[in-house]
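First the structure, in the form of structure tokens, and then the observations on it.
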Amino acid sequence: MNASSSNGPSTGTTPSTAPQSAASTDGVDNDSLREKTIVELDRIPSLGDEYRRALRGLLPGVPFLSNRSSSGKGSVTTAPSREYRVNGVTIDSTNLAEYCAACGLRISNDVPLTYPYAVTFPLVMNAMNSPDFPFPTVGTIHIRNVIEQYSPIAVTDSIDVAVYTESLRRHRQGLLIDIITEVRRSSAPDDVVWRQRSTMLSKGKAPDAQLPDDNYSRMSVDLPEDPTTIIRVSASDIKNYANVSGDKNPIHVSKLGAKAFGFPRTIAHGMWSAASLLSVVEGEIPTRARYTVEFGKPIILPAVLAAYSSRHPQNDSNELSWDLRYCSAKDSSKINVTAQLSEI
């Protein structure tokens, strides 16, 4: 995963004119028309460096936390206005092949629906580590993800990436914010070909500032009684995914690290589960697709997962959608991931 060189980071301002995604959160403040400060980087950051920055942010007296309250929650009432951009990113075909193998996906001339998330996640972490992000990165929980693909990304494509935040709002357990990633082909920079929206939760008492409330309703799925297949995943499988994706968060690769955050053993990455769940419907994934994922209970390793899938017409049209789920093979009430895949 490489990027073309430039003369280094630069900044500027521009009004945001990006179209709103159909998956935008309804009923919350609309940050899309705010003027954004553009921060241009010469390459995708190192994810390891971003994790180290996040851990340093926990140390007392670090100026990085100066804009946050003592509880760790932001004193601001809107999402940060910075937009981070990296142009000329190329796909590492070896890394792509390893990613497909780690997630049980086929290799083709086009990258899997979830792969751009892995390529661009370090830039998401960079945004979360910025001084104006409203809460500490460490401890933040990824509760929901929506990917929209408008045109497949080929292995040979050079892409431009932009990451920004929207919709800081209250949640019954704390604060939510959305982090948006947009991908464009470098050869056609006006057209978004892939977009994702990560909804992040910071648990705790929300500040007294005036903030809208989250009114998201959990998705309803119609699944068969019997699982489509059984998936077995080990700690070594997830360490392999961590090496391939670069996401070596201690909760995924270290027993001590996992216990430090309250888990009995290491847990699988949420986006590994989102990617590997698509293996159940490979060959049927639409070219133009929306993939909505809700994360439930963590997958504690090793695990035996029951994967469910069902296909049905989408909103009385000729288009199809798929309902998907991972849950414990021993106890179907322990739901790890619920997802919907649809044509757009």
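By order in the structure tokens, chains are A, B, ...; within a chain, residues start at 1; ligands start at 1, following the order shown.
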Picked from segment 85-333 of chain A by DSSP as helix (DSSP H, G or I), as a PyMOL selection string: chain A and resi 93-103+115-128+235-245+250-253+255-260+270-281
Enumerate, in order of chain and increasing residue number, the residues of segment 214-289 of chain A with an atom no farther than 9 Å from segment 111-131 of chain A, each with its shortest atom pair and distance in Å to one decimal, counting only C-alpha atoms, as JSON lines.
{"residue": "A:Ser245", "atom": "CA", "partner": "A:Ala118", "partner_atom": "CA", "distance": 5.7}
{"residue": "A:Gly246", "atom": "CA", "partner": "A:Ala118", "partner_atom": "CA", "distance": 8.1}
{"residue": "A:Asp247", "atom": "CA", "partner": "A:Ala118", "partner_atom": "CA", "distance": 8.4}
{"residue": "A:Met271", "atom": "CA", "partner": "A:Thr114", "partner_atom": "CA", "distance": 7.9}
{"residue": "A:Ala274", "atom": "CA", "partner": "A:Thr114", "partner_atom": "CA", "distance": 7.7}
{"residue": "A:Ala275", "atom": "CA", "partner": "A:Thr114", "partner_atom": "CA", "distance": 5.8}
{"residue": "A:Leu278", "atom": "CA", "partner": "A:Leu113", "partner_atom": "CA", "distance": 8.7}
{"residue": "A:Ile285", "atom": "CA", "partner": "A:Leu113", "partner_atom": "CA", "distance": 8.6}
{"residue": "A:Ala289", "atom": "CA", "partner": "A:Leu113", "partner_atom": "CA", "distance": 8.3}
Kindly save the residues from that selection, with C-alpha atoms included, as a PDB file, in the first residue's frame.
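Result file follows (out-v2.pdb):
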ATOM      1  CA  SER A 245      -4.136  -5.628   7.680  1.00  0.00           C
ATOM      2  CA  GLY A 246      -1.555  -3.955   9.896  1.00  0.00           C
ATOM      3  CA  ASP A 247      -4.124  -3.720  12.710  1.00  0.00           C
ATOM      4  CA  MET A 271     -13.761  -5.880  10.140  1.00  0.00           C
ATOM      5  CA  ALA A 274     -17.431  -8.233   8.261  1.00  0.00           C
ATOM      6  CA  ALA A 275     -15.113  -9.374   5.462  1.00  0.00           C
ATOM      7  CA  LEU A 278     -19.099 -12.016   2.757  1.00  0.00           C
ATOM      8  CA  ILE A 285     -22.106  -9.629  -4.392  1.00  0.00           C
ATOM      9  CA  ALA A 289     -23.505  -2.540  -3.347  1.00  0.00           C
TER      10      ALA A 289
END
Shell around Tyr308 of chain A at 9 Å using only C-alpha atoms, local window under 4 positions removed, as JSON, numbers by chain: {"A": [223, 224, 225, 226, 227, 228, 229, 230, 277, 280, 323, 324, 325, 326, 327]}
Long-range neighbours of Gly283 of chain A as a ChimeraX atom specification, 12 Å cut-off, only C-alpha atoms, 4 positions minimum in chain: /A:105-108,112,278-279,287
From A:Val233, A:Val337, A:Val39, A:Ile153, residue lying nearest Thr266 of chain A [only C-alpha atoms]: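 Between A:Val233, A:Val337, A:Val39, A:Ile153, the residue approaching Thr266 of chain A most closely is A:Val233.
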Within 12 Å of Asn109 of chain A using only C-alpha atoms, minus same-chain residues under 5 positions, as a PyMOL selection string: chain A and resi 91+93+96-97+152-157
Written file, previous selection with all heavy atoms, as a PDB file, in the first residue's frame:
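Done, and the output landed in part-v7.pdb:
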ATOM      1  N   ILE A  91      -2.491  -0.111  -4.978  1.00  0.00           N
ATOM      2  CA  ILE A  91      -2.829  -1.376  -4.331  1.00  0.00           C
ATOM      3  C   ILE A  91      -1.627  -2.322  -4.388  1.00  0.00           C
ATOM      4  O   ILE A  91      -1.041  -2.535  -5.460  1.00  0.00           O
ATOM      5  CB  ILE A  91      -4.042  -2.038  -5.020  1.00  0.00           C
ATOM      6  CG1 ILE A  91      -5.250  -1.081  -5.047  1.00  0.00           C
ATOM      7  CG2 ILE A  91      -4.397  -3.356  -4.328  1.00  0.00           C
ATOM      8  CD1 ILE A  91      -5.751  -0.672  -3.691  1.00  0.00           C
ATOM      9  N   SER A  93      -0.541  -5.794  -4.609  1.00  0.00           N
ATOM     10  CA  SER A  93      -1.217  -7.027  -5.033  1.00  0.00           C
ATOM     11  C   SER A  93      -0.882  -8.206  -4.112  1.00  0.00           C
ATOM     12  O   SER A  93      -1.727  -9.084  -3.897  1.00  0.00           O
ATOM     13  CB  SER A  93      -0.852  -7.364  -6.478  1.00  0.00           C
ATOM     14  OG  SER A  93       0.550  -7.519  -6.621  1.00  0.00           O
ATOM     15  N   LEU A  96      -2.993  -7.735  -1.063  1.00  0.00           N
ATOM     16  CA  LEU A  96      -4.381  -8.051  -1.408  1.00  0.00           C
ATOM     17  C   LEU A  96      -4.611  -9.559  -1.403  1.00  0.00           C
ATOM     18  O   LEU A  96      -5.616 -10.041  -0.859  1.00  0.00           O
ATOM     19  CB  LEU A  96      -4.711  -7.468  -2.781  1.00  0.00           C
ATOM     20  CG  LEU A  96      -6.070  -7.860  -3.376  1.00  0.00           C
ATOM     21  CD1 LEU A  96      -7.216  -7.392  -2.493  1.00  0.00           C
ATOM     22  CD2 LEU A  96      -6.213  -7.294  -4.790  1.00  0.00           C
ATOM     23  N   ALA A  97      -3.689 -10.306  -1.984  1.00  0.00           N
ATOM     24  CA  ALA A  97      -3.829 -11.772  -2.006  1.00  0.00           C
ATOM     25  C   ALA A  97      -3.818 -12.336  -0.587  1.00  0.00           C
ATOM     26  O   ALA A  97      -4.606 -13.246  -0.261  1.00  0.00           O
ATOM     27  CB  ALA A  97      -2.708 -12.381  -2.837  1.00  0.00           C
ATOM     28  N   PRO A 152     -16.522  -0.907  -9.002  1.00  0.00           N
ATOM     29  CA  PRO A 152     -15.439  -1.736  -8.448  1.00  0.00           C
ATOM     30  C   PRO A 152     -14.079  -1.054  -8.593  1.00  0.00           C
ATOM     31  O   PRO A 152     -13.817  -0.354  -9.572  1.00  0.00           O
ATOM     32  CB  PRO A 152     -15.515  -3.020  -9.285  1.00  0.00           C
ATOM     33  CG  PRO A 152     -16.866  -3.015  -9.901  1.00  0.00           C
ATOM     34  CD  PRO A 152     -17.249  -1.590 -10.087  1.00  0.00           C
ATOM     35  N   ILE A 153     -13.209  -1.286  -7.616  1.00  0.00           N
ATOM     36  CA  ILE A 153     -11.842  -0.772  -7.655  1.00  0.00           C
ATOM     37  C   ILE A 153     -10.943  -1.899  -8.150  1.00  0.00           C
ATOM     38  O   ILE A 153     -10.897  -2.983  -7.556  1.00  0.00           O
ATOM     39  CB  ILE A 153     -11.389  -0.289  -6.268  1.00  0.00           C
ATOM     40  CG1 ILE A 153     -12.289   0.869  -5.797  1.00  0.00           C
ATOM     41  CG2 ILE A 153      -9.922   0.147  -6.291  1.00  0.00           C
ATOM     42  CD1 ILE A 153     -12.041   1.273  -4.356  1.00  0.00           C
ATOM     43  N   ALA A 154     -10.239  -1.658  -9.240  1.00  0.00           N
ATOM     44  CA  ALA A 154      -9.352  -2.663  -9.807  1.00  0.00           C
ATOM     45  C   ALA A 154      -8.010  -2.651  -9.080  1.00  0.00           C
ATOM     46  O   ALA A 154      -7.593  -1.639  -8.507  1.00  0.00           O
ATOM     47  CB  ALA A 154      -9.148  -2.404 -11.300  1.00  0.00           C
ATOM     48  N   VAL A 155      -7.340  -3.790  -9.118  1.00  0.00           N
ATOM     49  CA  VAL A 155      -6.021  -3.905  -8.488  1.00  0.00           C
ATOM     50  C   VAL A 155      -5.062  -2.877  -9.072  1.00  0.00           C
ATOM     51  O   VAL A 155      -4.174  -2.371  -8.378  1.00  0.00           O
ATOM     52  CB  VAL A 155      -5.467  -5.332  -8.687  1.00  0.00           C
ATOM     53  CG1 VAL A 155      -4.079  -5.468  -8.085  1.00  0.00           C
ATOM     54  CG2 VAL A 155      -6.410  -6.362  -8.103  1.00  0.00           C
ATOM     55  N   THR A 156      -5.241  -2.542 -10.335  1.00  0.00           N
ATOM     56  CA  THR A 156      -4.327  -1.620 -11.021  1.00  0.00           C
ATOM     57  C   THR A 156      -4.688  -0.153 -10.827  1.00  0.00           C
ATOM     58  O   THR A 156      -3.951   0.717 -11.286  1.00  0.00           O
ATOM     59  CB  THR A 156      -4.314  -1.944 -12.518  1.00  0.00           C
ATOM     60  OG1 THR A 156      -5.669  -1.923 -13.019  1.00  0.00           O
ATOM     61  CG2 THR A 156      -3.713  -3.315 -12.771  1.00  0.00           C
ATOM     62  N   ASP A 157      -5.809   0.133 -10.161  1.00  0.00           N
ATOM     63  CA  ASP A 157      -6.228   1.531  -9.979  1.00  0.00           C
ATOM     64  C   ASP A 157      -5.332   2.258  -8.993  1.00  0.00           C
ATOM     65  O   ASP A 157      -4.901   1.710  -7.978  1.00  0.00           O
ATOM     66  CB  ASP A 157      -7.671   1.601  -9.456  1.00  0.00           C
ATOM     67  CG  ASP A 157      -8.706   1.384 -10.538  1.00  0.00           C
ATOM     68  OD1 ASP A 157      -8.369   1.584 -11.725  1.00  0.00           O
ATOM     69  OD2 ASP A 157      -9.845   1.006 -10.205  1.00  0.00           O
TER      70      ASP A 157
END
Residue neighbourhood Ser273 of chain A, 12 Å, only C-alpha atoms, exclusion window fewer than 4 positions, as a VMD selection string: chain A and resid 102 to 105 114 145 231 to 233 237 to 238 241 267 to 269 277 to 280 293 to 300 303 305 to 307 324 to 327 335 to 339
Within 8 Å of Val86 of chain A, counting only C-alpha atoms, which residues qualify if same-chain residues fewer than 2 places away don't, as a PDB file with C-alpha atoms, in the first residue's frame?
ATOM      1  CA  ALA A   3       1.240   6.581  -2.160  1.00  0.00           C
ATOM      2  CA  GLU A  40      -2.976  16.789   2.669  1.00  0.00           C
ATOM      3  CA  LEU A  41      -0.532  14.022   3.574  1.00  0.00           C
ATOM      4  CA  ASP A  42       2.068  12.562   1.247  1.00  0.00           C
ATOM      5  CA  ARG A  43       1.287   8.956   2.156  1.00  0.00           C
ATOM      6  CA  ILE A  44      -1.020   6.726   4.205  1.00  0.00           C
ATOM      7  CA  TYR A  84      -7.430  14.325   5.683  1.00  0.00           C
ATOM      8  CA  GLY A  88      -2.076   8.473  -5.559  1.00  0.00           C
ATOM      9  CA  VAL A  89      -2.437   5.403  -3.327  1.00  0.00           C
ATOM     10  CA  ASP A 160      -7.304   9.242  -3.849  1.00  0.00           C
ATOM     11  CA  VAL A 161      -8.516   8.946  -0.250  1.00  0.00           C
ATOM     12  CA  ALA A 162     -10.319  11.451   1.985  1.00  0.00           C
TER      13      ALA A 162
END
Among the residues A:Leu176, A:Leu301, A:Arg290, A:Ser46, the one that comes closest to Phe263 of chain A [using only C-alpha atoms]: A:Leu301
Distance in Å - atom CA of Val253 of chain A versus atom CA of Phe133 of chain A: 26.3 Å
DSSP strand (DSSP E or B) residues within segment 193-328 of chain A, as number ranges by chain: A: 193-203, 213, 229-233, 267, 289-295, 300, 303-313, 320-328
Separation of atom CA of Thr140 of chain A from atom CA of Met200 of chain A, in Å and rounded to one decimal: 6.4 Å
Length of the atom CA of Tyr291 of chain A to atom CA of Val146 of chain A vector [Å]: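 Between atom CA of Tyr291 of chain A and atom CA of Val146 of chain A the gap works out to 5.6 Å.
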